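Read the structure below first, then the notes.
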Amino acid sequence: MKAAPEQERALGMDYFITDGPGCGGLLRSCPEDFRVEEVYQEQRYEGGRYLVLEIEKTNWDTHHLIREMARHLRVSQKRFGWAGTKDKRAVTSQRISIMNLDESELKRVHLPDLKLRVLGRTNRSVGLGDLLGNRFRIWIHDISCPDPAASLSMITEEIRDQGGVPNYFGVQRFGDARPVTHRVGEALVKGGIEEAVFIYLAMPFPGELERTRVARRALWENKDIPAALKSYPDYLTFEIAILNYLVGHPGDYAGSFGVLSQNLRRLFVHAYQSYLFNMILSRRMEAGLPLKRPVVGDVVCFARNGQPDPEKLQAVTEENLDAVNRLAERGRAFVTLPLIGYETALAEGDEGEIERRVLRQEGLSPEDFRVDANADLGSPGTRRAAMLRVVPEISVEGSSAGLDFFLPAGSYATVLLREYMKSVTVIPEQGGV
């Protein structure tokens, strides 16, 4: 079991499941190298208060796009619904819904690199439960291994033998250039609401533009919110919204998150849950416990539409172990680990001890995830499959390779790519935040 680089270990992703040396290479040299298409069950749109669109966007972060669309349409962001947040440096196709909007009003939207297609109307907002998963077509360039086809094929066979890859939360969950989202969530869960606000607003990171780092560092050091509002670059739209609120409501740190959309403000605690999940998954691998096959004490979920359904859970006992393992071999049962929240029931046996040890190390209990200062930011928790069952189709062209694959909703393409590359190098963006 190969150890991961330090930047991944800092996010709880301690290991690779494959032993191959990796091909290196560059990811996202242009947005067209990273294509994502949402996959849904067949749906009929027969009328209702929600207008449903399919959007194709290039180099747009979902949250920023929704903010800009809302501004052009002159409506609240709260009227928008979507099933998943997509990467910025990519070409992505996804569905959104807008409450109480007539199709004719879309003519107000004039945004670059955005295509809109009306699918119809429905009586409920688009949400995460609608999404089956995502189909990916990704290119890796400048591969450094001497025989790319042979090296990639060897890693593919390792993944096939293992039954997939660890279902880590990828770096995007925490922030590519500025991985602080989980640290904001940690402060919220541990009762440090003011600390959480300043981490989000002000903690500087080397990956950002110099102008951004200077503005953040000044606020981090002097906590002067009115001065920060004057100095923050206008592209830091979410931070400026919070600063504006705090200037008008001094000291109301709990209320300041209310200026963000519900999807965005819930990311913080969810990101900390994701970090803890990654840690628990790494500790399970370290202990030699299988990811594909359950052991006594585990909690499994069963399949719905061929994918793990965290609503259908069962504890694994000596009495049902053989039956559950037969289902696991057929892809109908999945070992799960907790996304810890205030309703989380921990596992038993060796897995349960891992979960409890991680909580002790972090100084936490599940009840902390209620977030007393702002209940809207809390989370009841759920469970998530430990193994991501995927084997990509790969085509090699010189020193470039294209990977085609499908992932269930909530899983990350980069956790598959990292097994092939062993160090994911992303072309940095020019400009922006």
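Letters for chains follow the order of the structure tokens (A, B, ...), residue numbers begin at 1 for each chain, and ligand numbers begin at 1 in the order shown.
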
- Item | Backbone DSSP call of alpha helix (DSSP H) for region 206-379 of chain A, listed as an MDAnalysis selection string | chainID A and resid 210:222 225:231 237:248 253:256 262:265 267:286 321:329 349:362

- Please identify which residues in region 305-371 of chain A DSSP calls strand (DSSP E or B) from the backbone, and express them as a list in words. Gln307, Pro308, Asp309, Pro310, Glu311, Lys312, Leu313, Gln314, Ala315, Ala333, Phe334, Val335, Thr336, Leu337, Pro338 and Leu339 of chain A

May I have the residues from that selection written out with N, CA and C atoms, as a PDB file, in the first residue's frame?
```pdb
ATOM      1  N   GLN A 307     -26.558   1.379  -7.667  1.00  0.00           N
ATOM      2  CA  GLN A 307     -25.614   2.212  -6.921  1.00  0.00           C
ATOM      3  C   GLN A 307     -25.917   2.155  -5.424  1.00  0.00           C
ATOM      4  N   PRO A 308     -24.913   2.437  -4.575  1.00  0.00           N
ATOM      5  CA  PRO A 308     -25.135   2.388  -3.123  1.00  0.00           C
ATOM      6  C   PRO A 308     -26.251   3.334  -2.685  1.00  0.00           C
ATOM      7  N   ASP A 309     -27.148   2.839  -1.836  1.00  0.00           N
ATOM      8  CA  ASP A 309     -28.242   3.643  -1.306  1.00  0.00           C
ATOM      9  C   ASP A 309     -28.069   3.764   0.205  1.00  0.00           C
ATOM     10  N   PRO A 310     -27.590   4.928   0.703  1.00  0.00           N
ATOM     11  CA  PRO A 310     -27.320   5.074   2.140  1.00  0.00           C
ATOM     12  C   PRO A 310     -28.568   5.048   3.002  1.00  0.00           C
ATOM     13  N   GLU A 311     -29.755   5.015   2.392  1.00  0.00           N
ATOM     14  CA  GLU A 311     -30.992   4.912   3.168  1.00  0.00           C
ATOM     15  C   GLU A 311     -31.309   3.466   3.533  1.00  0.00           C
ATOM     16  N   LYS A 312     -30.669   2.515   2.875  1.00  0.00           N
ATOM     17  CA  LYS A 312     -30.954   1.084   3.103  1.00  0.00           C
ATOM     18  C   LYS A 312     -29.736   0.457   3.774  1.00  0.00           C
ATOM     19  N   LEU A 313     -29.708   0.492   5.117  1.00  0.00           N
ATOM     20  CA  LEU A 313     -28.544   0.070   5.894  1.00  0.00           C
ATOM     21  C   LEU A 313     -28.826  -1.198   6.682  1.00  0.00           C
ATOM     22  N   GLN A 314     -27.757  -1.955   6.947  1.00  0.00           N
ATOM     23  CA  GLN A 314     -27.875  -3.138   7.799  1.00  0.00           C
ATOM     24  C   GLN A 314     -26.546  -3.388   8.500  1.00  0.00           C
ATOM     25  N   ALA A 315     -26.598  -3.680   9.784  1.00  0.00           N
ATOM     26  CA  ALA A 315     -25.404  -4.050  10.540  1.00  0.00           C
ATOM     27  C   ALA A 315     -25.009  -5.482  10.187  1.00  0.00           C
ATOM     28  N   ALA A 333     -24.381  -5.124  -2.289  1.00  0.00           N
ATOM     29  CA  ALA A 333     -24.166  -4.618  -0.924  1.00  0.00           C
ATOM     30  C   ALA A 333     -22.792  -3.968  -0.876  1.00  0.00           C
ATOM     31  N   PHE A 334     -22.674  -2.911  -0.062  1.00  0.00           N
ATOM     32  CA  PHE A 334     -21.458  -2.101  -0.043  1.00  0.00           C
ATOM     33  C   PHE A 334     -21.070  -1.791   1.395  1.00  0.00           C
ATOM     34  N   VAL A 335     -19.796  -1.970   1.725  1.00  0.00           N
ATOM     35  CA  VAL A 335     -19.281  -1.527   3.015  1.00  0.00           C
ATOM     36  C   VAL A 335     -19.421  -0.002   3.080  1.00  0.00           C
ATOM     37  N   THR A 336     -19.909   0.513   4.213  1.00  0.00           N
ATOM     38  CA  THR A 336     -20.038   1.961   4.371  1.00  0.00           C
ATOM     39  C   THR A 336     -19.209   2.453   5.549  1.00  0.00           C
ATOM     40  N   LEU A 337     -18.860   3.724   5.478  1.00  0.00           N
ATOM     41  CA  LEU A 337     -18.216   4.446   6.572  1.00  0.00           C
ATOM     42  C   LEU A 337     -19.063   5.683   6.863  1.00  0.00           C
ATOM     43  N   PRO A 338     -18.941   6.262   8.052  1.00  0.00           N
ATOM     44  CA  PRO A 338     -19.846   7.362   8.415  1.00  0.00           C
ATOM     45  C   PRO A 338     -19.381   8.717   7.923  1.00  0.00           C
ATOM     46  N   LEU A 339     -20.352   9.512   7.464  1.00  0.00           N
ATOM     47  CA  LEU A 339     -20.204  10.965   7.403  1.00  0.00           C
ATOM     48  C   LEU A 339     -20.827  11.451   8.704  1.00  0.00           C
TER      49      LEU A 339
END
```

- Can you pull out every residue within 8 Å of region 139-152 of chain A, counting only C-alpha atoms, but drop anything in the same chain fewer than 3 positions away, and send it as number ranges by chain? A: 20, 22-29, 33-34, 155-156, 396, 399-403, 420

- Note on the structure: Counting only C-alpha atoms, the residue among A:Arg9, A:Pro366, A:Val391, A:Asp298 that lies closest to Glu348 (chain A) is A:Asp298

Kindly assemble as CSV a list of the region 43-145 of chain A residues that lie within 8 Å of region 257-267 of chain A, each paired with its nearest atom pair and their distance in Å to one decimal, using only C-alpha atoms, sorted first by chain and then by ascending residue number.
```
residue,atom,partner,partner_atom,distance
A:His63,CA,A:Leu264,CA,7.3
A:Gln77,CA,A:Ser261,CA,6.6
A:Lys78,CA,A:Ser261,CA,6.5
```

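Neighbours of Phe205 (chain A) closer than or equal to 12 Å, with only C-alpha atoms counted and sequence neighbours fewer than 2 positions away skipped, come out as A:Gly175, A:Asp176, A:Ala177, A:Arg178, A:Pro179, A:Val180, A:Ile199, A:Tyr200, A:Leu201, A:Ala202, A:Met203, A:Gly207, A:Glu208, A:Leu209, A:Glu210, A:Arg211, A:Thr212, A:Arg213, A:Val214, A:Ala215, A:Arg216, A:Arg217, A:Trp220, A:Val433.
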
- Message: Give me, as an MDAnalysis selection string, all polymer residues having an atom no more than 10 Å from Gln41 (chain A), counting only C-alpha atoms and skipping those fewer than 2 positions away in the same chain.
- Response: chainID A and resid 39 43:44 130:133 305

With region 96-101 of chain A as the partner and 12 Å as the cut-off, tabulate the residues of region 117-188 of chain A that qualify, each row holding the nearest pair of atoms and their distance in Å to one decimal, using only C-alpha atoms, sorted by chain and rising number, as a Markdown table.
```
| residue | atom | partner | partner_atom | distance |
| --- | --- | --- | --- | --- |
| A:Arg117 | CA | A:Ile96 | CA | 10.4 |
| A:Val118 | CA | A:Ser97 | CA | 9.8 |
| A:Leu119 | CA | A:Ser97 | CA | 9.8 |
| A:Gly120 | CA | A:Ser97 | CA | 9.6 |
| A:Arg121 | CA | A:Ser97 | CA | 8.6 |
| A:Thr122 | CA | A:Ser97 | CA | 8.8 |
| A:Asn123 | CA | A:Met99 | CA | 9.3 |
| A:Arg124 | CA | A:Ser97 | CA | 8.5 |
| A:Ser125 | CA | A:Ser97 | CA | 5.7 |
| A:Val126 | CA | A:Ser97 | CA | 5.6 |
| A:Gly127 | CA | A:Ile96 | CA | 8.5 |
| A:Leu128 | CA | A:Ile96 | CA | 10.8 |
| A:Asp130 | CA | A:Ile96 | CA | 11.1 |
| A:Leu131 | CA | A:Ile96 | CA | 11.4 |
```

So that I have them on file, write out the residues from the current selection with N, CA and C atoms, as a compact mmCIF listing (two decimals), in the first residue's frame.
```txt
# COMPACT_ATOMS: atom_id res chain seq x y z
N ARG A 117 -30.72 25.12 -22.35
CA ARG A 117 -31.77 24.39 -23.08
C ARG A 117 -32.91 24.10 -22.12
N VAL A 118 -34.10 24.51 -22.47
CA VAL A 118 -35.27 24.30 -21.62
C VAL A 118 -35.74 22.85 -21.77
N LEU A 119 -35.89 22.15 -20.64
CA LEU A 119 -36.40 20.78 -20.65
C LEU A 119 -37.89 20.72 -20.36
N GLY A 120 -38.41 21.70 -19.63
CA GLY A 120 -39.83 21.72 -19.31
C GLY A 120 -40.07 22.28 -17.92
N ARG A 121 -41.22 21.94 -17.35
CA ARG A 121 -41.59 22.44 -16.02
C ARG A 121 -41.98 21.25 -15.15
N THR A 122 -41.79 21.44 -13.83
CA THR A 122 -42.11 20.38 -12.89
C THR A 122 -42.58 21.00 -11.59
N ASN A 123 -43.10 20.17 -10.68
CA ASN A 123 -43.64 20.67 -9.42
C ASN A 123 -42.64 20.63 -8.27
N ARG A 124 -41.40 20.23 -8.54
CA ARG A 124 -40.41 20.26 -7.46
C ARG A 124 -39.05 20.65 -8.01
N SER A 125 -38.24 21.21 -7.13
CA SER A 125 -36.93 21.68 -7.50
C SER A 125 -35.99 20.52 -7.82
N VAL A 126 -35.05 20.75 -8.72
CA VAL A 126 -33.98 19.78 -8.95
C VAL A 126 -33.13 19.68 -7.69
N GLY A 127 -32.81 18.45 -7.28
CA GLY A 127 -32.01 18.24 -6.07
C GLY A 127 -31.13 17.02 -6.19
N LEU A 128 -30.27 16.82 -5.19
CA LEU A 128 -29.27 15.75 -5.24
C LEU A 128 -29.90 14.37 -5.45
N ASP A 130 -32.14 13.46 -7.31
CA ASP A 130 -32.53 13.19 -8.69
C ASP A 130 -31.39 12.60 -9.52
N LEU A 131 -30.17 12.79 -9.08
CA LEU A 131 -28.99 12.51 -9.88
C LEU A 131 -28.51 11.07 -9.70
```

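Taking only C-alpha atoms into account, Asp102 (chain A) lies nearest to A:Arg49 out of the set A:Arg332, A:Arg67, A:Arg183, A:Arg49.
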